[in-house]
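Asks: Data file model38.csv (CSV, C-alpha atoms) is appended below.
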chain,number,residue,atom,x,y,z
A,717,MET,CA,-19.7,4.6,-19.1
A,718,GLN,CA,-22.7,3.2,-21.0
A,719,ASN,CA,-23.8,5.1,-24.0
A,720,LEU,CA,-27.0,7.1,-23.3
A,721,GLY,CA,-28.7,5.7,-26.3
A,722,ARG,CA,-30.7,8.1,-28.5
A,723,VAL,CA,-33.8,6.5,-29.9
A,724,LEU,CA,-36.0,8.2,-32.6
A,725,ILE,CA,-39.5,6.8,-32.4
A,726,ILE,CA,-41.7,7.0,-35.4
A,727,ALA,CA,-45.2,6.0,-34.3
A,728,GLY,CA,-48.7,7.1,-33.3
A,729,SER,CA,-49.8,8.8,-30.1
A,730,ASP,CA,-52.0,6.9,-27.6
A,731,SER,CA,-54.1,9.3,-25.5
A,732,GLY,CA,-54.5,6.6,-22.8
A,733,GLY,CA,-50.7,6.4,-22.4
A,734,GLY,CA,-50.4,2.7,-22.4
A,735,ALA,CA,-49.1,2.1,-25.9
A,736,GLY,CA,-47.7,4.0,-28.9
A,737,ILE,CA,-45.4,7.0,-28.5
A,738,GLN,CA,-46.3,7.3,-24.8
A,739,ALA,CA,-45.3,3.8,-24.0
A,740,ASP,CA,-42.2,4.1,-26.2
A,741,ILE,CA,-41.0,7.3,-24.4
A,742,LYS,CA,-41.6,5.7,-20.9
A,743,THR,CA,-39.7,2.6,-21.9
A,744,VAL,CA,-36.7,4.2,-23.4
A,745,THR,CA,-36.4,6.6,-20.4
A,746,ALA,CA,-36.8,3.8,-17.8
A,747,LEU,CA,-34.0,1.9,-19.4
A,748,GLY,CA,-31.7,4.9,-19.3
A,749,GLY,CA,-32.0,6.1,-22.9
A,750,TYR,CA,-33.1,9.3,-24.6
A,751,ALA,CA,-36.3,9.3,-26.6
A,752,ALA,CA,-37.2,11.6,-29.4
A,753,THR,CA,-40.3,11.3,-31.6
A,754,ALA,CA,-41.9,11.8,-35.0
A,755,ILE,CA,-45.7,11.3,-34.5
A,756,THR,CA,-47.5,9.7,-37.4
A,757,ALA,CA,-51.1,9.9,-36.0
A,758,VAL,CA,-53.1,11.1,-33.0
A,759,THR,CA,-55.4,8.4,-31.7
A,760,VAL,CA,-58.4,8.8,-29.4
A,761,GLN,CA,-58.2,5.8,-27.1
A,762,ASN,CA,-58.3,4.5,-23.6
A,763,THR,CA,-58.2,0.9,-22.2
A,764,LEU,CA,-61.6,0.2,-23.7
A,765,GLY,CA,-60.5,0.8,-27.3
A,766,VAL,CA,-59.7,3.2,-30.1
A,767,THR,CA,-62.5,5.6,-31.1
A,768,GLY,CA,-60.6,7.9,-33.5
A,769,VAL,CA,-57.5,8.0,-35.6
A,770,HIS,CA,-56.2,11.3,-37.0
A,771,PRO,CA,-53.2,11.1,-39.3
A,772,ILE,CA,-50.5,13.7,-39.2
A,773,PRO,CA,-49.7,15.2,-42.6
A,774,LEU,CA,-46.9,13.4,-44.4
A,775,ASP,CA,-44.6,16.4,-44.7
A,776,VAL,CA,-45.0,17.1,-41.0
A,777,VAL,CA,-44.0,13.5,-40.1
A,778,GLY,CA,-40.9,13.8,-42.2
A,779,ALA,CA,-40.1,17.3,-40.8
A,780,GLN,CA,-40.3,16.0,-37.3
A,781,ALA,CA,-37.9,13.1,-38.0
A,782,ARG,CA,-35.4,15.2,-39.9
A,783,ALA,CA,-35.4,17.9,-37.3
A,784,VAL,CA,-34.4,15.3,-34.7
A,785,LEU,CA,-31.8,13.6,-36.9
A,786,SER,CA,-30.1,16.9,-38.0
A,787,ASP,CA,-29.6,18.1,-34.5
A,788,ILE,CA,-30.0,15.6,-31.7
A,789,GLY,CA,-29.2,12.6,-33.8
A,790,ALA,CA,-30.2,8.9,-33.2
A,791,ASP,CA,-28.3,5.7,-32.3
A,792,ALA,CA,-31.4,3.6,-33.3
A,793,ILE,CA,-34.8,4.1,-34.7
A,794,LYS,CA,-38.0,2.3,-33.7
A,795,THR,CA,-41.1,2.4,-35.8
A,796,GLY,CA,-44.7,1.6,-34.6
A,797,MET,CA,-48.0,2.6,-36.0
A,798,LEU,CA,-47.5,3.9,-39.6
A,799,GLY,CA,-51.1,4.0,-40.9
A,800,ASP,CA,-50.8,3.8,-44.7
A,801,ALA,CA,-48.5,3.1,-47.6
A,802,ALA,CA,-47.4,6.7,-48.0
A,803,ILE,CA,-46.1,6.9,-44.5
A,804,VAL,CA,-44.3,3.5,-45.0
A,805,GLU,CA,-42.6,4.9,-48.1
A,806,LEU,CA,-41.5,8.0,-46.2
A,807,VAL,CA,-40.2,6.0,-43.3
A,808,ALA,CA,-38.1,3.8,-45.7
A,809,ARG,CA,-36.5,7.0,-47.0
A,810,LEU,CA,-35.8,8.3,-43.5
A,811,LEU,CA,-34.2,5.0,-42.5
A,812,ASP,CA,-31.9,5.2,-45.4
A,813,GLU,CA,-30.9,8.8,-44.5
A,814,ALA,CA,-30.3,7.9,-40.8
A,815,ALA,CA,-28.3,4.7,-41.4
A,816,VAL,CA,-28.6,3.4,-37.8
A,817,PRO,CA,-30.0,0.2,-36.4
A,818,VAL,CA,-33.8,-0.1,-36.9
A,819,VAL,CA,-36.4,-2.0,-34.9
A,820,ILE,CA,-39.6,-2.4,-36.9
A,821,ASP,CA,-42.7,-3.2,-34.9
A,822,PRO,CA,-45.3,-3.9,-37.7
A,823,VAL,CA,-48.3,-2.6,-35.8
A,824,MET,CA,-51.5,-3.5,-37.5
A,825,VAL,CA,-54.3,-3.9,-35.0
A,826,ALA,CA,-54.9,-2.2,-31.6
A,827,LYS,CA,-55.4,-4.5,-28.5
A,828,GLY,CA,-59.1,-3.7,-28.7
A,829,GLY,CA,-59.4,-4.7,-32.4
A,830,ALA,CA,-59.2,-1.4,-34.2
A,831,SER,CA,-57.2,-1.5,-37.5
A,832,LEU,CA,-54.1,0.7,-37.4
A,833,LEU,CA,-52.6,-0.1,-40.8
A,834,ALA,CA,-54.4,0.1,-44.1
A,835,ALA,CA,-54.6,-3.0,-46.2
A,836,ASP,CA,-52.4,-1.6,-49.0
A,837,ALA,CA,-49.7,-0.7,-46.5
A,838,VAL,CA,-49.1,-4.3,-45.5
A,839,ALA,CA,-47.4,-4.9,-48.9
A,840,ALA,CA,-45.4,-1.7,-48.4
A,841,VAL,CA,-44.2,-2.9,-45.0
A,842,ARG,CA,-43.2,-6.3,-46.6
A,843,ASP,CA,-41.4,-4.7,-49.5
A,844,LEU,CA,-39.8,-1.6,-47.9
A,845,LEU,CA,-39.4,-2.1,-44.2
A,846,ILE,CA,-38.6,-5.7,-43.7
A,847,PRO,CA,-35.4,-5.5,-45.8
A,848,ARG,CA,-34.4,-2.5,-43.7
A,849,ALA,CA,-35.1,-4.1,-40.3
A,850,THR,CA,-32.2,-4.7,-37.9
A,851,LEU,CA,-34.9,-6.4,-35.8
A,852,LEU,CA,-38.5,-7.1,-36.8
A,853,THR,CA,-40.9,-7.8,-33.9
A,854,PRO,CA,-44.2,-9.4,-35.2
A,855,ASN,CA,-46.8,-11.1,-33.2
A,856,ALA,CA,-48.6,-14.2,-34.7
A,857,PRO,CA,-51.4,-12.3,-36.5
A,858,GLU,CA,-48.9,-9.8,-37.9
A,859,ALA,CA,-46.6,-12.6,-39.0
A,860,GLU,CA,-49.5,-14.3,-40.8
A,861,ALA,CA,-50.4,-11.0,-42.6
A,862,LEU,CA,-46.7,-10.5,-43.7
A,863,THR,CA,-46.0,-14.1,-44.8
A,864,GLY,CA,-49.4,-15.6,-45.7
A,865,LEU,CA,-48.6,-18.5,-43.4
A,866,ALA,CA,-50.8,-19.7,-40.7
A,867,VAL,CA,-49.3,-19.2,-37.2
A,868,ALA,CA,-51.0,-21.2,-34.5
A,869,THR,CA,-48.1,-23.1,-32.9
A,870,THR,CA,-44.5,-22.5,-31.9
A,871,ASP,CA,-43.3,-24.4,-34.9
A,872,ASP,CA,-45.4,-22.1,-37.1
A,873,LEU,CA,-43.7,-19.2,-35.4
A,874,ARG,CA,-40.4,-20.6,-36.6
A,875,ARG,CA,-41.6,-21.2,-40.1
A,876,ALA,CA,-42.9,-17.7,-40.4
A,877,GLY,CA,-39.7,-16.3,-38.9
A,878,GLU,CA,-37.6,-18.1,-41.5
A,879,ALA,CA,-39.8,-16.6,-44.2
A,880,LEU,CA,-39.3,-13.1,-42.8
A,881,LEU,CA,-35.5,-13.7,-42.6
A,882,ARG,CA,-35.6,-14.7,-46.3
A,883,ALA,CA,-37.6,-11.5,-47.0
A,884,GLY,CA,-34.6,-9.5,-45.8
A,885,ALA,CA,-34.9,-8.9,-42.0
A,886,LYS,CA,-31.5,-9.2,-40.3
A,887,ALA,CA,-33.2,-10.6,-37.2
A,888,VAL,CA,-36.8,-11.4,-36.2
A,889,LEU,CA,-38.3,-11.6,-32.7
A,890,MET,CA,-41.3,-13.9,-33.2
A,891,LYS,CA,-43.7,-13.2,-30.3
A,892,GLY,CA,-45.7,-16.1,-29.0
A,893,GLY,CA,-48.3,-14.4,-26.9
A,894,HIS,CA,-51.1,-15.3,-29.3
A,895,VAL,CA,-50.0,-19.0,-29.4
A,896,PRO,CA,-52.1,-21.1,-26.9
A,897,GLY,CA,-50.4,-22.7,-24.0
A,898,GLU,CA,-49.5,-22.3,-20.4
A,899,ARG,CA,-46.1,-20.9,-21.3
A,900,VAL,CA,-45.2,-18.1,-23.7
A,901,VAL,CA,-42.3,-18.7,-26.0
A,902,ASP,CA,-40.8,-15.8,-28.0
A,903,ILE,CA,-38.1,-16.8,-30.5
A,904,LEU,CA,-35.2,-14.5,-31.6
A,905,MET,CA,-34.2,-15.7,-35.0
A,906,THR,CA,-31.1,-14.7,-37.1
A,907,ALA,CA,-29.1,-16.3,-39.8
A,908,GLN,CA,-26.6,-17.4,-37.1
A,909,GLY,CA,-29.2,-19.3,-35.0
A,910,ASP,CA,-32.2,-19.0,-32.7
A,911,THR,CA,-32.6,-17.9,-29.0
A,912,ALA,CA,-35.8,-18.7,-27.2
A,913,PHE,CA,-37.3,-16.6,-24.4
A,914,GLU,CA,-39.8,-18.6,-22.3
A,915,GLY,CA,-41.9,-17.9,-19.3
A,916,GLU,CA,-45.2,-18.7,-17.5
A,917,ARG,CA,-48.2,-17.0,-19.2
A,918,ILE,CA,-49.3,-14.0,-17.1
A,919,GLU,CA,-53.1,-14.2,-16.8
A,920,SER,CA,-54.0,-10.5,-16.9
A,921,ARG,CA,-56.2,-8.1,-18.8
A,922,HIS,CA,-53.5,-5.4,-18.3
A,923,THR,CA,-51.5,-6.1,-21.5
A,924,HIS,CA,-52.1,-2.9,-23.5
A,925,GLY,CA,-48.9,-1.8,-25.2
A,926,THR,CA,-46.8,-4.9,-24.6
A,927,GLY,CA,-45.7,-5.0,-28.3
A,928,CYS,CA,-44.7,-1.3,-28.4
A,929,THR,CA,-42.9,-1.6,-25.1
A,930,LEU,CA,-40.9,-4.7,-26.1
A,931,ALA,CA,-39.8,-3.2,-29.4
A,932,SER,CA,-38.8,0.1,-27.7
A,933,ALA,CA,-36.9,-1.8,-25.0
A,934,CYS,CA,-35.0,-3.7,-27.7
A,935,ALA,CA,-34.3,-0.4,-29.6
A,936,VAL,CA,-32.8,1.4,-26.6
A,937,GLY,CA,-30.6,-1.6,-25.9
A,938,LEU,CA,-29.2,-1.5,-29.5
A,939,ALA,CA,-28.9,2.3,-29.2
A,940,GLN,CA,-26.8,1.8,-26.1
A,941,GLY,CA,-24.5,-0.6,-27.9
A,942,LEU,CA,-25.7,-3.9,-26.4
A,943,PRO,CA,-25.3,-7.0,-28.6
A,944,LEU,CA,-28.7,-8.1,-30.1
A,945,VAL,CA,-29.3,-11.1,-27.8
A,946,ALA,CA,-28.4,-9.1,-24.7
A,947,ALA,CA,-30.7,-6.2,-25.8
A,948,VAL,CA,-33.6,-8.6,-26.4
A,949,ALA,CA,-33.0,-10.5,-23.1
A,950,ARG,CA,-33.1,-7.2,-21.1
A,951,ALA,CA,-36.1,-6.0,-23.0
A,952,TRP,CA,-37.9,-9.3,-22.4
A,953,ASP,CA,-37.2,-9.2,-18.6
A,954,TYR,CA,-38.3,-5.6,-18.5
A,955,VAL,CA,-41.7,-6.2,-20.1
A,956,HIS,CA,-42.3,-9.3,-18.0
A,957,GLU,CA,-41.8,-7.4,-14.8
A,958,ALA,CA,-43.8,-4.4,-16.1
A,959,MET,CA,-46.7,-6.8,-16.7
A,960,LEU,CA,-46.5,-8.3,-13.3
A,961,ARG,CA,-46.5,-4.8,-11.7
A,962,ALA,CA,-49.4,-3.4,-13.9
A,963,PRO,CA,-51.2,-0.7,-11.9
A,964,GLY,CA,-54.7,-2.0,-12.7
A,965,LEU,CA,-55.9,1.2,-14.4
A,966,GLY,CA,-59.0,1.3,-16.6
A,967,ALA,CA,-61.9,-1.0,-17.2
A,968,GLY,CA,-60.4,-2.7,-20.3
A,969,HIS,CA,-57.0,-3.7,-21.5
A,970,GLY,CA,-54.9,-1.8,-19.0
A,971,PRO,CA,-51.4,-0.4,-19.2
A,972,LEU,CA,-48.1,-1.9,-17.8
A,973,ASP,CA,-46.0,-0.3,-15.1
A,974,HIS,CA,-43.3,1.2,-17.4
A,975,ALA,CA,-41.5,3.0,-14.6
A,976,TRP,CA,-40.8,0.0,-12.3
A,977,PRO,CA,-37.0,0.1,-12.7
A,978,LEU,CA,-37.1,3.7,-11.3
A,979,ARG,CA,-38.8,2.4,-8.1
A,980,GLY,CA,-36.4,-0.5,-7.7
A,981,ARG,CA,-37.3,-4.1,-7.1
A,982,ALA,CA,-39.6,-5.1,-4.2
Go through the file and emit its structure as structure tokens.
Replies:
Amino acid sequence: MQNLGRVLIIAGSDSGGGAGIQADIKTVTALGGYAATAITAVTVQNTLGVTGVHPIPLDVVGAQARAVLSDIGADAIKTGMLGDAAIVELVARLLDEAAVPVVIDPVMVAKGGASLLAADAVAAVRDLLIPRATLLTPNAPEAEALTGLAVATTDDLRRAGEALLRAGAKAVLMKGGHVPGERVVDILMTAQGDTAFEGERIESRHTHGTGCTLASACAVGLAQGLPLVAAVARAWDYVHEAMLRAPGLGAGHGPLDHAWPLRGRA
């Protein structure tokens, strides 16, 4: 019998339900896992953008995570929006206490352009979280911020990924959605080699939460005991289908259909 897969998600809440904690919980559940949370911030947002960010007190974030870890436990941890350097430092301590696989999604900017990570926190992510990452899942702008390298092509993705591996990440999933081209190429990079995931670009405005969703899908796979490549491959297919089935909600960057596996394939 497949392990249920307990995932502790440390991230921000999205009132619109398309990204953040809400997307994470939906994803983990749809893929058969169990989601628990430590909420770092409450955001006021919908498909048109973020209009407010309200951080949760640091001690409350830590208390949420430790309450989960001391009772329910976790087979993997996924991090999303962390906000500032103090939260990043706390999360590094929590990761050391938990000692389970960790998927780090270095969330910096919302789909609508709102900043979700303070400038001083980027260095903290680089110094404290990258070395603790079982899997790091940056998009091109995040990779640029973390490495200082320009990322405009697939070759640039590989160069930035190599730099992030040198910085201590055990594996890096370099996401190519921001790289121009008719096809999207994501590259899973480890010290043992690379695996490319490639597909036709889906022309849609309903892409809100794709990064959160992909990282959580990877995390639940690892929590369930899947090998890294298999976990990422299942996650990639899940997100691709969720984008194709997007329900068309909202007037801006709409959400995916996270629950599509529960409805079966058409």
Asks: Just how far from CA of Pro822 (chain A) is CA of Ala861 (chain A), in Å to one decimal?
Replies: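 Those two atoms sit 10.0 Å apart.
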Asks: From (-53.2, -0.1, -22.8), in the file's coordinates, out to 8 Å: which residues are reached, counting only C-alpha atoms? Answer as a PDB file with C-alpha atoms, in the frame of the given file.
Replies:
ATOM      1  CA  GLY A 732     -54.500   6.600 -22.800  1.00  0.00           C
ATOM      2  CA  GLY A 733     -50.700   6.400 -22.400  1.00  0.00           C
ATOM      3  CA  GLY A 734     -50.400   2.700 -22.400  1.00  0.00           C
ATOM      4  CA  ALA A 735     -49.100   2.100 -25.900  1.00  0.00           C
ATOM      5  CA  ASN A 762     -58.300   4.500 -23.600  1.00  0.00           C
ATOM      6  CA  THR A 763     -58.200   0.900 -22.200  1.00  0.00           C
ATOM      7  CA  LYS A 827     -55.400  -4.500 -28.500  1.00  0.00           C
ATOM      8  CA  HIS A 922     -53.500  -5.400 -18.300  1.00  0.00           C
ATOM      9  CA  THR A 923     -51.500  -6.100 -21.500  1.00  0.00           C
ATOM     10  CA  HIS A 924     -52.100  -2.900 -23.500  1.00  0.00           C
ATOM     11  CA  GLY A 925     -48.900  -1.800 -25.200  1.00  0.00           C
ATOM     12  CA  HIS A 969     -57.000  -3.700 -21.500  1.00  0.00           C
ATOM     13  CA  GLY A 970     -54.900  -1.800 -19.000  1.00  0.00           C
ATOM     14  CA  PRO A 971     -51.400  -0.400 -19.200  1.00  0.00           C
ATOM     15  CA  LEU A 972     -48.100  -1.900 -17.800  1.00  0.00           C
TER      16      LEU A 972
END
Asks: At a cut-off of 7 Å around the point (-35.2, -12.7, -34.3) (file coordinates), what residues fall inside when counting only C-alpha atoms? I'd like the answer as a list in words.
Replies: Leu851, Leu852, Ala887, Val888, Leu889, Met890, Ile903, Leu904, Met905 and Thr906 of chain A
Asks: What lies within 7 Å of region 764-768 of chain A using all atoms listed in the file, ignoring chain neighbours under 6 positions off, as an NGL selection string?
Replies: :A and (828 or 830 or 967-969)
Asks: Would you mind exporting C-alpha atoms of the selected residues as an mmCIF file, keeping the file's coordinate frame?
Replies:
data_model
loop_
_atom_site.group_PDB
_atom_site.id
_atom_site.type_symbol
_atom_site.label_atom_id
_atom_site.label_comp_id
_atom_site.auth_asym_id
_atom_site.auth_seq_id
_atom_site.Cartn_x
_atom_site.Cartn_y
_atom_site.Cartn_z
ATOM 1 C CA GLY A 828 -59.100 -3.700 -28.700
ATOM 2 C CA ALA A 830 -59.200 -1.400 -34.200
ATOM 3 C CA ALA A 967 -61.900 -1.000 -17.200
ATOM 4 C CA GLY A 968 -60.400 -2.700 -20.300
ATOM 5 C CA HIS A 969 -57.000 -3.700 -21.500
#
Asks: What is the CA of Ile726 (chain A) to CA of Arg782 (chain A) distance in Å?
Replies: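 Distance reported for this atom pair: 11.3 Å.
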Asks: Env of region 948-950 of chain A: 8 Å cut, atoms = all atoms listed in the file, seq-sep filter 2 positions within chain, self excluded. Answer as a ChimeraX atom specification.
Replies: /A:913,933-934,937,944-946,952-954
Asks: Store the residues picked out above, limited to C-alpha atoms, as a PDB file, in the coordinates of the input.
Replies:
ATOM      1  CA  PHE A 913     -37.300 -16.600 -24.400  1.00  0.00           C
ATOM      2  CA  ALA A 933     -36.900  -1.800 -25.000  1.00  0.00           C
ATOM      3  CA  CYS A 934     -35.000  -3.700 -27.700  1.00  0.00           C
ATOM      4  CA  GLY A 937     -30.600  -1.600 -25.900  1.00  0.00           C
ATOM      5  CA  LEU A 944     -28.700  -8.100 -30.100  1.00  0.00           C
ATOM      6  CA  VAL A 945     -29.300 -11.100 -27.800  1.00  0.00           C
ATOM      7  CA  ALA A 946     -28.400  -9.100 -24.700  1.00  0.00           C
ATOM      8  CA  TRP A 952     -37.900  -9.300 -22.400  1.00  0.00           C
ATOM      9  CA  ASP A 953     -37.200  -9.200 -18.600  1.00  0.00           C
ATOM     10  CA  TYR A 954     -38.300  -5.600 -18.500  1.00  0.00           C
TER      11      TYR A 954
END
Asks: Would you work out the distance separating CA of Trp976 (chain A) from CA of His894 (chain A), expressed in Å to one decimal?
Replies: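 Between CA of Trp976 (chain A) and CA of His894 (chain A) the gap is 25.1 Å.
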Asks: Pick from A:Val804, A:Leu774, A:Leu965, A:Val838: nearest to Arg921 (chain A), with only C-alpha atoms counted?
Replies: A:Leu965
Asks: I'd like the neighbourhood of Asp973 (chain A) as a list in words, where a residue qualifies if any of its atoms comes within 6 Å (using only C-alpha atoms), though same-chain residues fewer than 3 positions away should be ignored.
Replies: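 Using only C-alpha atoms, the neighbours found are Ala958, Arg961, Ala962 and Trp976 of chain A.
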Asks: Write out as a short mmCIF file (atom, residue, chain, number, x, y, z; two decimals) with C-alpha atoms, in the coordinates of the input each polymer residue whose atoms come within 8 Å of Ala757 (chain A), counting all atoms listed in the file; drop sequence neighbours fewer than 5 positions from it.
Replies:
data_model
loop_
_atom_site.label_atom_id
_atom_site.label_comp_id
_atom_site.auth_asym_id
_atom_site.auth_seq_id
_atom_site.Cartn_x
_atom_site.Cartn_y
_atom_site.Cartn_z
CA ALA A 727 -45.20 6.00 -34.30
CA GLY A 728 -48.70 7.10 -33.30
CA SER A 729 -49.80 8.80 -30.10
CA VAL A 769 -57.50 8.00 -35.60
CA HIS A 770 -56.20 11.30 -37.00
CA PRO A 771 -53.20 11.10 -39.30
CA ILE A 772 -50.50 13.70 -39.20
CA MET A 797 -48.00 2.60 -36.00
CA LEU A 798 -47.50 3.90 -39.60
CA GLY A 799 -51.10 4.00 -40.90
#
Asks: For Ala840 (chain A), list every protein, DNA or RNA residue within 10 Å, evaluated using only C-alpha atoms, and leave out those in the same chain fewer than 6 positions away; present the list as a short mmCIF file (atom, residue, chain, number, x, y, z; two decimals) with C-alpha atoms, keeping the file's coordinate frame.
Replies:
data_model
loop_
_atom_site.label_atom_id
_atom_site.label_comp_id
_atom_site.auth_asym_id
_atom_site.auth_seq_id
_atom_site.Cartn_x
_atom_site.Cartn_y
_atom_site.Cartn_z
CA ASP A 800 -50.80 3.80 -44.70
CA ALA A 801 -48.50 3.10 -47.60
CA ALA A 802 -47.40 6.70 -48.00
CA ILE A 803 -46.10 6.90 -44.50
CA VAL A 804 -44.30 3.50 -45.00
CA GLU A 805 -42.60 4.90 -48.10
CA ALA A 808 -38.10 3.80 -45.70
CA ILE A 846 -38.60 -5.70 -43.70
#
Asks: Between A:Ala815, A:Ile918, A:Ala935, A:Ala947, which is the closest to Arg899 (chain A) once you count all atoms listed in the file?
Replies: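 So, comparing all the options, the nearest one is A:Ile918.
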Asks: Can you give me all heavy atoms for region 929-937 of chain A, written as a JSON list (two decimals), in the coordinates of the input?
Replies:
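Result saved to part.json:
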[["chain", "number", "residue", "atom", "x", "y", "z"],
["A", 929, "THR", "N", -43.89, -1.66, -26.14],
["A", 929, "THR", "CA", -42.90, -1.60, -25.10],
["A", 929, "THR", "C", -41.74, -2.52, -25.33],
["A", 929, "THR", "O", -40.58, -2.12, -25.15],
["A", 929, "THR", "CB", -43.62, -2.01, -23.74],
["A", 929, "THR", "OG1", -44.69, -1.07, -23.48],
["A", 929, "THR", "CG2", -42.66, -1.99, -22.57],
["A", 930, "LEU", "N", -42.01, -3.73, -25.77],
["A", 930, "LEU", "CA", -40.90, -4.70, -26.10],
["A", 930, "LEU", "C", -40.03, -4.16, -27.18],
["A", 930, "LEU", "O", -38.80, -4.21, -27.07],
["A", 930, "LEU", "CB", -41.51, -6.04, -26.42],
["A", 930, "LEU", "CG", -40.50, -7.15, -26.71],
["A", 930, "LEU", "CD1", -39.63, -7.43, -25.50],
["A", 930, "LEU", "CD2", -41.22, -8.42, -27.16],
["A", 931, "ALA", "N", -40.63, -3.66, -28.25],
["A", 931, "ALA", "CA", -39.80, -3.20, -29.40],
["A", 931, "ALA", "C", -38.97, -1.97, -28.97],
["A", 931, "ALA", "O", -37.81, -1.86, -29.36],
["A", 931, "ALA", "CB", -40.74, -2.79, -30.54],
["A", 932, "SER", "N", -39.54, -1.06, -28.18],
["A", 932, "SER", "CA", -38.80, 0.10, -27.70],
["A", 932, "SER", "C", -37.65, -0.30, -26.78],
["A", 932, "SER", "O", -36.56, 0.28, -26.81],
["A", 932, "SER", "CB", -39.68, 1.12, -27.07],
["A", 932, "SER", "OG", -40.46, 1.78, -28.03],
["A", 933, "ALA", "N", -37.92, -1.29, -25.93],
["A", 933, "ALA", "CA", -36.90, -1.80, -25.00],
["A", 933, "ALA", "C", -35.73, -2.40, -25.81],
["A", 933, "ALA", "O", -34.56, -2.22, -25.45],
["A", 933, "ALA", "CB", -37.48, -2.77, -24.04],
["A", 934, "CYS", "N", -36.06, -3.11, -26.87],
["A", 934, "CYS", "CA", -35.00, -3.70, -27.70],
["A", 934, "CYS", "C", -34.22, -2.53, -28.42],
["A", 934, "CYS", "O", -32.99, -2.57, -28.51],
["A", 934, "CYS", "CB", -35.62, -4.57, -28.80],
["A", 934, "CYS", "SG", -36.33, -6.10, -28.19],
["A", 935, "ALA", "N", -34.95, -1.52, -28.89],
["A", 935, "ALA", "CA", -34.30, -0.40, -29.60],
["A", 935, "ALA", "C", -33.34, 0.35, -28.74],
["A", 935, "ALA", "O", -32.23, 0.71, -29.17],
["A", 935, "ALA", "CB", -35.37, 0.52, -30.18],
["A", 936, "VAL", "N", -33.73, 0.63, -27.49],
["A", 936, "VAL", "CA", -32.80, 1.40, -26.60],
["A", 936, "VAL", "C", -31.59, 0.54, -26.28],
["A", 936, "VAL", "O", -30.48, 1.06, -26.15],
["A", 936, "VAL", "CB", -33.54, 1.93, -25.37],
["A", 936, "VAL", "CG1", -33.95, 0.83, -24.42],
["A", 936, "VAL", "CG2", -32.66, 2.96, -24.66],
["A", 937, "GLY", "N", -31.76, -0.76, -26.16],
["A", 937, "GLY", "CA", -30.60, -1.60, -25.90],
["A", 937, "GLY", "C", -29.62, -1.55, -27.08],
["A", 937, "GLY", "O", -28.40, -1.41, -26.87]]
